[in-house]
Structure formats: structure tokens, C-alpha cells
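Undergrad: The structure file data.cif (mmCIF, C-alpha atoms and all ligand atoms) is provided below.
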```
data_my_file
#
loop_
_atom_site.label_atom_id
_atom_site.label_comp_id
_atom_site.auth_asym_id
_atom_site.auth_seq_id
_atom_site.Cartn_x
_atom_site.Cartn_y
_atom_site.Cartn_z
CA MET K 1 0.00 0.00 0.00
CA SER K 2 1.40 3.43 -0.97
CA THR K 3 2.04 5.93 1.83
CA ASP K 4 2.71 8.79 -0.60
CA THR K 5 -0.03 11.27 0.29
CA SER K 6 0.72 13.34 -2.82
CA LEU K 7 -1.26 10.65 -4.67
CA ASP K 8 -4.44 11.43 -2.68
CA TRP K 9 -7.01 13.68 -4.36
CA GLN K 10 -7.58 16.88 -2.37
CA ILE K 11 -10.48 19.29 -2.70
CA ALA K 12 -8.88 22.67 -3.35
CA THR K 13 -10.72 26.00 -3.15
CA VAL K 14 -10.09 28.62 -5.83
CA THR K 15 -9.27 31.86 -4.00
CA SER K 16 -8.40 34.14 -6.91
CA VAL K 17 -8.39 34.28 -10.70
CA HIS K 18 -6.50 36.90 -12.65
CA ASP K 19 -5.32 37.58 -16.20
CA GLU K 20 -1.59 37.11 -16.85
CA SER K 21 -1.96 37.77 -20.60
CA PRO K 22 -4.77 37.72 -23.18
CA ARG K 23 -4.61 33.90 -23.24
CA VAL K 24 -3.34 32.92 -19.79
CA LYS K 25 -5.05 33.18 -16.41
CA SER K 26 -3.54 32.45 -13.02
CA PHE K 27 -5.63 30.52 -10.52
CA ARG K 28 -4.75 30.46 -6.82
CA PHE K 29 -5.96 27.49 -4.79
CA ASP K 30 -6.10 26.92 -1.05
CA LEU K 31 -5.26 23.30 -0.26
CA PRO K 32 -6.86 21.42 2.65
CA LYS K 33 -3.49 20.17 3.96
CA GLU K 34 0.17 21.20 4.01
CA ASN K 35 2.14 19.89 1.05
CA TYR K 36 5.93 19.61 0.79
CA LEU K 37 6.63 21.10 -2.61
CA SER K 38 9.68 21.51 -4.84
CA ALA K 39 10.02 24.22 -7.48
CA GLY K 40 9.30 22.65 -10.88
CA GLN K 41 6.61 20.22 -9.72
CA TYR K 42 3.03 20.13 -10.98
CA PHE K 43 -0.47 19.20 -9.86
CA ASP K 44 -3.11 17.25 -11.74
CA VAL K 45 -6.61 18.68 -11.75
CA ARG K 46 -9.65 16.45 -12.26
CA LEU K 47 -13.03 17.58 -13.52
CA THR K 48 -16.14 15.44 -13.15
CA ALA K 49 -19.29 16.03 -15.25
CA PRO K 50 -22.80 15.43 -13.81
CA ASP K 51 -22.96 12.14 -15.79
CA GLY K 52 -19.78 10.90 -14.08
CA TYR K 53 -17.41 11.55 -17.02
CA GLN K 54 -13.99 12.53 -15.67
CA THR K 55 -10.98 14.15 -17.25
CA ARG K 56 -7.66 15.29 -15.82
CA ARG K 57 -4.77 17.51 -16.90
CA SER K 58 -1.42 18.54 -15.43
CA TYR K 59 -0.47 22.13 -14.53
CA SER K 60 2.88 23.35 -13.21
CA ILE K 61 3.01 25.23 -9.93
CA THR K 62 4.05 28.85 -10.53
CA SER K 63 4.09 29.91 -6.88
CA SER K 64 7.11 29.47 -4.64
CA PRO K 65 7.22 26.03 -2.95
CA GLU K 66 7.59 27.81 0.40
CA SER K 67 3.85 28.36 0.33
CA ARG K 68 2.63 24.90 1.40
CA LYS K 69 -1.13 25.31 1.75
CA SER K 70 -1.70 27.42 -1.33
CA ILE K 71 -0.56 27.04 -4.93
CA GLU K 72 -0.91 29.08 -8.11
CA LEU K 73 -1.30 27.58 -11.58
CA ALA K 74 -1.13 29.52 -14.89
CA ILE K 75 -3.47 28.03 -17.48
CA GLU K 76 -3.35 28.92 -21.16
CA LEU K 77 -6.64 28.86 -23.07
CA ILE K 78 -6.26 26.25 -25.82
CA ALA K 79 -8.81 26.59 -28.65
CA GLY K 80 -11.28 23.74 -28.25
CA GLY K 81 -9.43 22.56 -25.15
CA GLU K 82 -11.65 20.63 -22.77
CA VAL K 83 -10.05 21.57 -19.45
CA SER K 84 -8.39 24.93 -20.19
CA SER K 85 -11.71 26.26 -21.63
CA TYR K 86 -13.53 25.19 -18.46
CA PHE K 87 -11.00 27.04 -16.32
CA HIS K 88 -11.15 30.19 -18.45
CA GLU K 89 -14.90 30.28 -18.96
CA VAL K 90 -16.39 28.74 -15.83
CA VAL K 91 -14.06 28.63 -12.82
CA GLN K 92 -14.52 31.45 -10.28
CA PRO K 93 -13.19 32.22 -6.81
CA GLY K 94 -14.96 29.99 -4.28
CA ASP K 95 -15.18 26.99 -6.63
CA LYS K 96 -13.97 23.61 -5.39
CA ILE K 97 -11.64 21.65 -7.68
CA GLU K 98 -10.13 18.18 -7.21
CA VAL K 99 -6.33 18.28 -7.37
CA GLN K 100 -3.61 15.67 -6.94
CA GLY K 101 0.00 16.41 -6.20
CA PRO K 102 2.66 17.57 -5.97
CA ILE K 103 3.93 15.38 -8.80
CA GLY K 104 7.41 15.14 -10.32
CA GLY K 105 10.87 14.91 -8.84
CA TYR K 106 13.11 15.10 -11.89
CA PHE K 107 12.37 18.57 -13.26
CA THR K 108 12.98 20.32 -9.94
CA TRP K 109 15.45 22.84 -8.60
CA ASP K 110 16.38 23.79 -5.05
CA PRO K 111 18.37 26.87 -3.90
CA SER K 112 20.95 24.53 -2.29
CA GLN K 113 22.04 23.92 -5.90
CA THR K 114 24.32 26.94 -6.29
CA GLU K 115 25.89 26.00 -9.65
CA PRO K 116 25.03 28.23 -12.66
CA ILE K 117 21.83 27.33 -14.47
CA LEU K 118 20.13 28.16 -17.73
CA LEU K 119 16.31 28.29 -17.75
CA ILE K 120 14.67 28.17 -21.18
CA ALA K 121 10.93 28.64 -21.69
CA GLY K 122 8.62 28.55 -24.67
CA GLY K 123 5.28 30.29 -23.92
CA THR K 124 3.57 28.92 -20.81
CA GLY K 125 6.64 26.72 -20.34
CA ILE K 126 7.80 29.54 -18.08
CA ALA K 127 5.36 28.28 -15.40
CA PRO K 128 7.65 25.86 -13.50
CA LEU K 129 10.66 28.12 -14.12
CA VAL K 130 9.00 31.11 -12.45
CA SER K 131 8.44 28.94 -9.38
CA MET K 132 12.19 28.19 -9.35
CA LEU K 133 12.97 31.92 -9.72
CA ARG K 134 10.55 32.91 -6.95
CA HIS K 135 12.12 30.29 -4.68
CA ARG K 136 15.62 31.47 -5.62
CA GLN K 137 14.67 35.09 -4.89
CA SER K 138 13.70 34.34 -1.30
CA SER K 139 16.84 32.30 -0.66
CA PRO K 140 20.14 33.78 0.62
CA THR K 141 22.14 31.73 -1.92
CA LYS K 142 21.63 32.85 -5.49
CA ALA K 143 22.90 30.54 -8.22
CA PRO K 144 24.00 32.50 -11.32
CA THR K 145 20.95 32.19 -13.55
CA VAL K 146 20.01 33.24 -17.07
CA LEU K 147 16.41 32.89 -18.22
CA MET K 148 15.63 32.70 -21.93
CA VAL K 149 12.02 33.21 -22.90
CA SER K 150 10.37 32.81 -26.27
CA ALA K 151 6.80 34.08 -26.68
CA ARG K 152 4.64 34.90 -29.67
CA THR K 153 4.06 38.61 -29.08
CA GLU K 154 4.80 41.12 -26.33
CA PRO K 155 1.39 40.74 -24.60
CA ASP K 156 2.03 36.98 -24.42
CA LEU K 157 5.08 37.49 -22.18
CA LEU K 158 4.20 36.15 -18.74
CA PHE K 159 5.35 37.56 -15.38
CA ARG K 160 7.40 40.18 -17.27
CA LYS K 161 7.24 43.02 -14.72
CA GLU K 162 8.15 40.73 -11.84
CA LEU K 163 11.05 39.22 -13.78
CA GLN K 164 12.33 42.66 -14.81
CA LEU K 165 12.31 43.71 -11.17
CA MET K 166 14.20 40.56 -10.16
CA GLU K 167 16.75 41.36 -12.85
CA GLU K 168 17.22 44.93 -11.61
CA GLU K 169 17.71 43.79 -8.03
CA ASP K 170 19.95 40.79 -8.61
CA LEU K 171 23.29 40.93 -10.42
CA ASN K 172 23.35 37.14 -10.64
CA PHE K 173 20.14 37.00 -12.68
CA ASP K 174 19.73 37.99 -16.30
CA SER K 175 17.08 37.33 -18.92
CA ILE K 176 16.88 37.25 -22.70
CA VAL K 177 13.50 37.56 -24.34
CA THR K 178 12.56 36.90 -27.92
CA LEU K 179 9.27 37.21 -29.73
CA THR K 180 8.53 34.88 -32.61
CA ARG K 181 5.95 37.15 -34.22
CA LYS K 182 6.55 40.83 -33.52
CA MET K 183 9.34 42.58 -31.64
CA PRO K 184 8.78 46.18 -30.50
CA LYS K 185 11.12 48.46 -32.45
CA ASN K 186 12.55 50.07 -29.31
CA TRP K 187 13.81 46.82 -27.82
CA LEU K 188 17.58 46.94 -27.53
CA ILE K 189 18.37 43.40 -26.57
CA GLU K 190 21.69 42.09 -27.75
CA ASN K 191 21.36 39.73 -30.69
CA VAL K 192 17.59 39.76 -30.58
CA ARG K 193 15.65 40.64 -33.70
CA GLU K 194 12.04 40.54 -34.74
CA ASN K 195 10.54 37.15 -35.66
CA ARG K 196 13.42 35.26 -34.15
CA ARG K 197 13.27 31.87 -32.45
CA ILE K 198 15.80 30.79 -29.82
CA ASP K 199 18.77 29.55 -31.84
CA LEU K 200 22.34 28.47 -31.21
CA LYS K 201 23.68 32.02 -31.32
CA MET K 202 21.16 33.22 -28.76
CA ILE K 203 22.06 30.32 -26.45
CA GLU K 204 25.74 31.26 -26.79
CA THR K 205 24.85 34.85 -25.83
CA ALA K 206 23.03 33.51 -22.75
CA ILE K 207 26.05 31.45 -21.72
CA ASN K 208 28.31 34.51 -22.16
CA ARG K 209 25.98 36.42 -19.85
CA LEU K 210 26.13 33.54 -17.36
CA GLY K 211 29.92 33.92 -17.43
CA GLU K 212 30.57 30.18 -17.21
CA SER K 213 29.15 26.94 -18.57
CA PRO K 214 25.80 26.03 -17.02
CA SER K 215 25.86 22.95 -14.80
CA SER K 216 22.32 22.25 -15.92
CA ALA K 217 19.62 23.59 -18.22
CA TYR K 218 15.88 23.42 -17.54
CA VAL K 219 13.85 23.53 -20.75
CA CYS K 220 10.04 23.70 -20.77
CA GLY K 221 7.43 24.26 -23.47
CA GLY K 222 5.78 22.42 -26.36
CA THR K 223 7.39 19.23 -27.65
CA GLY K 224 8.87 20.84 -30.81
CA PHE K 225 10.36 23.70 -28.78
CA VAL K 226 11.89 21.38 -26.18
CA GLU K 227 13.38 19.09 -28.85
CA SER K 228 14.89 21.97 -30.80
CA ILE K 229 16.45 23.58 -27.70
CA GLY K 230 17.66 20.20 -26.44
CA ASN K 231 19.49 19.64 -29.74
CA HIS K 232 21.13 23.10 -29.55
CA LEU K 233 22.31 22.39 -26.00
CA LEU K 234 23.82 19.06 -27.08
CA GLU K 235 25.51 20.90 -30.00
CA ILE K 236 27.23 23.31 -27.61
CA GLY K 237 28.56 20.32 -25.68
CA MET K 238 26.17 19.97 -22.73
CA ALA K 239 25.77 16.42 -21.46
CA TYR K 240 22.40 14.79 -22.08
CA THR K 241 22.04 14.20 -18.34
CA ASP K 242 22.43 17.94 -17.57
CA ILE K 243 19.52 18.91 -19.83
CA LEU K 244 16.25 18.61 -17.91
CA THR K 245 13.07 18.89 -19.93
CA GLU K 246 9.31 19.17 -19.39
CA ARG K 247 6.90 18.97 -22.34
CA PHE K 248 3.48 20.59 -22.11
CA GLY K 249 1.89 19.35 -25.31
CA PRO K 250 2.26 19.25 -29.10
C1 LIG E 301 3.76 18.08 -16.73
C2 LIG E 301 2.84 19.04 -17.46
C3 LIG E 301 2.71 20.33 -16.98
C4 LIG E 301 1.88 21.23 -17.66
N1 LIG E 301 1.76 22.51 -17.18
C5 LIG E 301 0.98 23.39 -17.82
C6 LIG E 301 0.88 24.75 -17.35
O1 LIG E 301 1.50 25.14 -16.36
N2 LIG E 301 0.04 25.60 -18.03
C7 LIG E 301 -0.66 25.19 -19.14
O2 LIG E 301 -1.39 26.01 -19.72
N3 LIG E 301 -0.57 23.91 -19.62
C8 LIG E 301 0.21 23.01 -18.98
N4 LIG E 301 0.28 21.72 -19.42
C9 LIG E 301 -0.61 21.31 -20.54
C10 LIG E 301 -1.98 20.89 -19.94
O3 LIG E 301 -1.82 19.72 -19.16
C11 LIG E 301 -3.03 20.59 -21.01
O4 LIG E 301 -2.50 19.67 -21.92
C12 LIG E 301 -3.52 21.82 -21.74
O5 LIG E 301 -4.11 22.75 -20.81
C13 LIG E 301 -4.57 21.46 -22.80
O6 LIG E 301 -5.64 20.81 -22.17
P1 LIG E 301 -7.13 21.00 -22.72
O7 LIG E 301 -7.98 20.00 -22.01
O8 LIG E 301 -7.53 22.42 -22.65
O9 LIG E 301 -6.98 20.62 -24.26
P2 LIG E 301 -7.35 19.19 -24.93
O10 LIG E 301 -8.82 19.03 -24.94
O11 LIG E 301 -6.53 18.13 -24.24
O12 LIG E 301 -6.77 19.38 -26.38
C14 LIG E 301 -7.44 20.19 -27.36
C15 LIG E 301 -6.54 20.36 -28.57
O13 LIG E 301 -5.41 21.19 -28.22
C16 LIG E 301 -4.20 20.51 -28.47
N5 LIG E 301 -3.33 20.81 -27.32
C17 LIG E 301 -3.30 20.17 -26.12
N6 LIG E 301 -2.40 20.74 -25.29
C18 LIG E 301 -1.87 21.78 -25.96
C19 LIG E 301 -0.88 22.74 -25.63
N7 LIG E 301 -0.26 22.77 -24.41
N8 LIG E 301 -0.57 23.66 -26.57
C20 LIG E 301 -1.19 23.67 -27.79
N9 LIG E 301 -2.12 22.76 -28.16
C21 LIG E 301 -2.46 21.83 -27.27
C22 LIG E 301 -4.54 19.03 -28.53
O14 LIG E 301 -3.64 18.33 -29.36
C23 LIG E 301 -5.94 19.05 -29.09
O15 LIG E 301 -5.89 19.15 -30.49
C24 LIG E 301 1.15 20.82 -18.81
C25 LIG E 301 1.30 19.51 -19.28
C26 LIG E 301 2.13 18.63 -18.62
C27 LIG E 301 2.28 17.23 -19.17
#
```
Show me, as C-alpha cells, the structure contained in the file I just sent.

TA:
Amino acid sequence: MSTDTSLDWQIATVTSVHDESPRVKSFRFDLPKENYLSAGQYFDVRLTAPDGYQTRRSYSITSSPESRKSIELAIELIAGGEVSSYFHEVVQPGDKIEVQGPIGGYFTWDPSQTEPILLIAGGTGIAPLVSMLRHRQSSPTKAPTVLMVSARTEPDLLFRKELQLMEEEDLNFDSIVTLTRKMPKNWLIENVRENRRIDLKMIETAINRLGESPSSAYVCGGTGFVESIGNHLLEIGMAYTDILTERFGP
């Protein structure tokens, strides 16, 4: 019999819902019990229809793992998506939702790891990485960190203000942002141009900003994004075992 209580379903209460971007909303949940969380983990949510039909999906925790009885999830509205549409169109503060977690032990980071790291996100793939950054921010030890983010357009950039503030306050943290569709003309980011995807050159720029080779890279986003970035990281000589990946979907 399993004693892992993270496998039990808990009834969480939605305490707030807010827009992160035109297509992403953050949902905060109060959990009925304390949970020991690691940055990078996720929860499963389960919806049950009146006829008994059930469906479940995974969502990464964006909040810092220090908060044990409350978690935040950032959910992107997928056109025709069964669960993301329900969250965007129906879920309100006060609603009760079944959740299971925390899940995942491989794609996690803890501030006791002080070696330099590269965090690379495509779209909502920033979700588990922002949890790592929030955890890092509240820790006295600050691993040298560069975050690379690829989003479609400027309004699709998630947590931008918070990340800019972190960057201003912390000399050991830097970020590189690229937009695949439209880059504002006044952006003066080294080596970043309009309609540019994260490529080898941009990764080399990130490593220069890190000042030394990353001990590990955390890559999260859609499958195509993760595969392409993974190949670039292998090309620059990173070991397969130092490239940690999380895939959100197609
Ligand atoms: C470990 C893990 C963590 C995840 N964390 C997050 C998170 O933090 N935030 C988040 O928004 N999503 C996250 N996801 C994706 C999430 O679990 C769902 O797959 C997503 O919300 C779509 O579910 P849906 O029911 O709305 O769409 P579905 O009804 O399952 O699919 C509808 C259509 O959309 C396509 N589709 C499914 N998922 C995606 C996608 N991600 N992008 C584009 N098209 C898609 C399907 O192929 C299908 O054609 C995570 C997935 C995993 C495995």
C-alpha cells in the first residue's frame, strides 16, 4: 500500500483568478493540507461532469514552494481545449476543484544547488521556471541564472514586470526575451531581432551572460520547442544528463 499522500485527491478551493496575458489566467488554490513542494513540480486537476465523465490535466506550480497550503497555476486557453476552456470560462473564486499532487521529482530545482543554471521557456513553459525563480529570490544563496524566454508577441510574455524587477535587483540573474511574431522596435536586446526563435547564437549569448558553462539547463514548453532547444544544447557540448526537460503538449 502506498504511503505517498501526494497521490491522494484533495479538494482545493479557488481563491483568486486573474489575467496574466490575453490567453493565460492564473488561478490560486487553497489546499486542505500542508504539502511539501519543490520548485518545478506540478499538480493534476480532475473535472467530473454530472454524468460521471472525468478528465484530468497537469499544470505546473508557478508559486514558490515555500507556500505549502496554497498554490498558483497559470493556465493557457487552448482553442477547443476541454479543461483549459472550463478554467477560463467557468471557474470562479470559491469553486472547489479536485487536485492531486505535488507530482514530479526530476524537473525540480532547489536553492541549495548553487551551480550556474540556464532556464529556457517557450510560452507557458515559463510556469515551472517562475516557481524556481521565486524560490531562488527568497533564498540567501543565489545561483547565477540566465532565463531565456520565447513568446509569440509582447502581450504573451508572462510575469514580465516581476522578472524585470528581479533582474534589476539581482546581479546574478539575467534574462533574454525573444518574440517569434513581432518585436517592439525600441527593444535593444543584444542579438535579438524581430521574428526570431531561440537559436544556437542566442544560447551562446546567454552562456556569455552567465559567465561560465551552465551545470544544468531546464527547458520547458511544447514538444517541438523542447526538442529543438535540447538539440542546440547538445551541440554546444552539454551532457544529455544535464539537460532537464518538461513537455506541455504538441
Ligand atoms: C507536466 C505538465 C505540466 C503542464 N503545465 C501546464 C501549465 O503550467 N500551463 C498550461 O497552460 N498547460 C500546462 N500543461 C498542458 C496541460 O496539461 C493541457 O494539456 C492543456 O491545458 C490542454 O488541455 P485541454 O484540455 O484544454 O486541451 P485538450 O482538450 O486536451 O486538447 C485540445 C486540442 O489542443 C491541443 N493541445 C493540447 N495541449 C496543448 C498545448 N499545451 N498547446 C497547444 N495545443 C495543445 C490538442 O492536441 C488538441 O488538439 C502541462 C502539461 C504537462 C504534461

Undergrad: Enumerate, in order of chain and increasing residue number, the residues of chain K with an atom no farther than 10 Å from ligand LIG 301 (chain E), each with its shortest atom pair and distance in Å to one decimal, counting all atoms listed in the file, as a Markdown table.

TA:
```
| residue | atom | partner | partner_atom | distance |
| --- | --- | --- | --- | --- |
| K:Arg23 | CA | E:LIG301 | O2 | 9.2 |
| K:Val24 | CA | E:LIG301 | O2 | 7.2 |
| K:Lys25 | CA | E:LIG301 | O2 | 8.7 |
| K:Ser26 | CA | E:LIG301 | N2 | 9.2 |
| K:Gly40 | CA | E:LIG301 | C1 | 9.3 |
| K:Gln41 | CA | E:LIG301 | C1 | 7.9 |
| K:Tyr42 | CA | E:LIG301 | C3 | 6.0 |
| K:Phe43 | CA | E:LIG301 | C3 | 7.9 |
| K:Asp44 | CA | E:LIG301 | O3 | 7.9 |
| K:Val45 | CA | E:LIG301 | O3 | 8.9 |
| K:Thr55 | CA | E:LIG301 | O7 | 8.1 |
| K:Arg56 | CA | E:LIG301 | O7 | 7.8 |
| K:Arg57 | CA | E:LIG301 | O3 | 4.3 |
| K:Ser58 | CA | E:LIG301 | O3 | 3.9 |
| K:Tyr59 | CA | E:LIG301 | N1 | 3.5 |
| K:Ser60 | CA | E:LIG301 | O1 | 3.9 |
| K:Ile61 | CA | E:LIG301 | O1 | 6.6 |
| K:Thr62 | CA | E:LIG301 | O1 | 7.4 |
| K:Glu72 | CA | E:LIG301 | O1 | 9.5 |
| K:Leu73 | CA | E:LIG301 | O1 | 6.1 |
| K:Ala74 | CA | E:LIG301 | N2 | 5.2 |
| K:Ile75 | CA | E:LIG301 | O2 | 3.7 |
| K:Glu76 | CA | E:LIG301 | O2 | 3.8 |
| K:Leu77 | CA | E:LIG301 | O8 | 6.5 |
| K:Ile78 | CA | E:LIG301 | O8 | 5.1 |
| K:Ala79 | CA | E:LIG301 | O13 | 6.4 |
| K:Gly80 | CA | E:LIG301 | C14 | 5.3 |
| K:Gly81 | CA | E:LIG301 | O8 | 3.1 |
| K:Glu82 | CA | E:LIG301 | O7 | 3.8 |
| K:Val83 | CA | E:LIG301 | O7 | 3.6 |
| K:Ser84 | CA | E:LIG301 | O8 | 3.6 |
| K:Ser85 | CA | E:LIG301 | O8 | 5.8 |
| K:Tyr86 | CA | E:LIG301 | O8 | 7.8 |
| K:Phe87 | CA | E:LIG301 | O8 | 8.6 |
| K:His88 | CA | E:LIG301 | O8 | 9.5 |
| K:Ile103 | CA | E:LIG301 | C1 | 8.4 |
| K:Gly104 | CA | E:LIG301 | C1 | 7.9 |
| K:Phe107 | CA | E:LIG301 | C1 | 9.3 |
| K:Gly123 | CA | E:LIG301 | O2 | 9.0 |
| K:Thr124 | CA | E:LIG301 | N2 | 5.6 |
| K:Gly125 | CA | E:LIG301 | O1 | 6.7 |
| K:Ile126 | CA | E:LIG301 | O1 | 7.9 |
| K:Ala127 | CA | E:LIG301 | O1 | 5.1 |
| K:Pro128 | CA | E:LIG301 | O1 | 6.8 |
| K:Leu129 | CA | E:LIG301 | O1 | 9.9 |
| K:Cys220 | CA | E:LIG301 | C3 | 8.9 |
| K:Gly221 | CA | E:LIG301 | N7 | 7.9 |
| K:Gly222 | CA | E:LIG301 | N7 | 6.4 |
| K:Thr223 | CA | E:LIG301 | N7 | 9.0 |
| K:Thr245 | CA | E:LIG301 | C1 | 9.9 |
| K:Glu246 | CA | E:LIG301 | C1 | 6.3 |
| K:Arg247 | CA | E:LIG301 | C27 | 5.9 |
| K:Phe248 | CA | E:LIG301 | C25 | 3.7 |
| K:Gly249 | CA | E:LIG301 | N7 | 4.1 |
| K:Pro250 | CA | E:LIG301 | C21 | 5.7 |
```

Undergrad: For region 130-146 of chain K, work out the shell of residues within 6 Å, counting only C-alpha atoms and skipping chain neighbours fewer than 4 positions away, then give it as number ranges by chain.

TA: K: 39, 62-64, 111, 114-118, 126, 172-175

Undergrad: Mind giving me the axis-aligned box for region 150-163 of chain K with 6 Å on every side, centre plus edges in Å to one decimal, as lines of an AutoDock Vina configuration file?

TA:
```
center_x = 6.2
center_y = 37.9
center_z = -20.8
size_x = 21.7
size_y = 22.2
size_z = 29.8
```

Undergrad: Of the candidates K:Leu157, K:Leu37, K:Ile71, K:Leu233, which shows the shortest atom-to-atom distance to Gly105 (chain K), using only C-alpha atoms?

TA: K:Leu37

Undergrad: Can you work out the spacing between CA of Val226 (chain K) and CA of Pro22 (chain K) in Å, to one decimal?

TA: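 Answer for the CA of Val226 (chain K) to CA of Pro22 (chain K) separation: 23.5 Å.
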
Undergrad: What is the CA of Ser215 (chain K)-CA of Asn35 (chain K) distance in Å, reported with one decimal?

TA: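 A separation of 28.7 Å between them.
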
Undergrad: Figure out the distance between CA of Asp110 (chain K) and CA of Ser70 (chain K), please, to one decimal in Å.

TA: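 Interatomic distance, CA of Ser70 (chain K) to CA of Asp110 (chain K): 18.8 Å.
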
Undergrad: When you count only C-alpha atoms, which of these residues is closest to Asp95 (chain K): K:Thr178, K:Ser213, K:Ser16, K:Asn231?

TA: K:Ser16

Undergrad: Ranking K:Val149, K:Leu210, K:Ile198, K:Leu7 by minimum distance to Glu227 (chain K) and counting only C-alpha atoms, which one comes first?

TA: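 Selected residue with least distance to Glu227 (chain K): K:Ile198.
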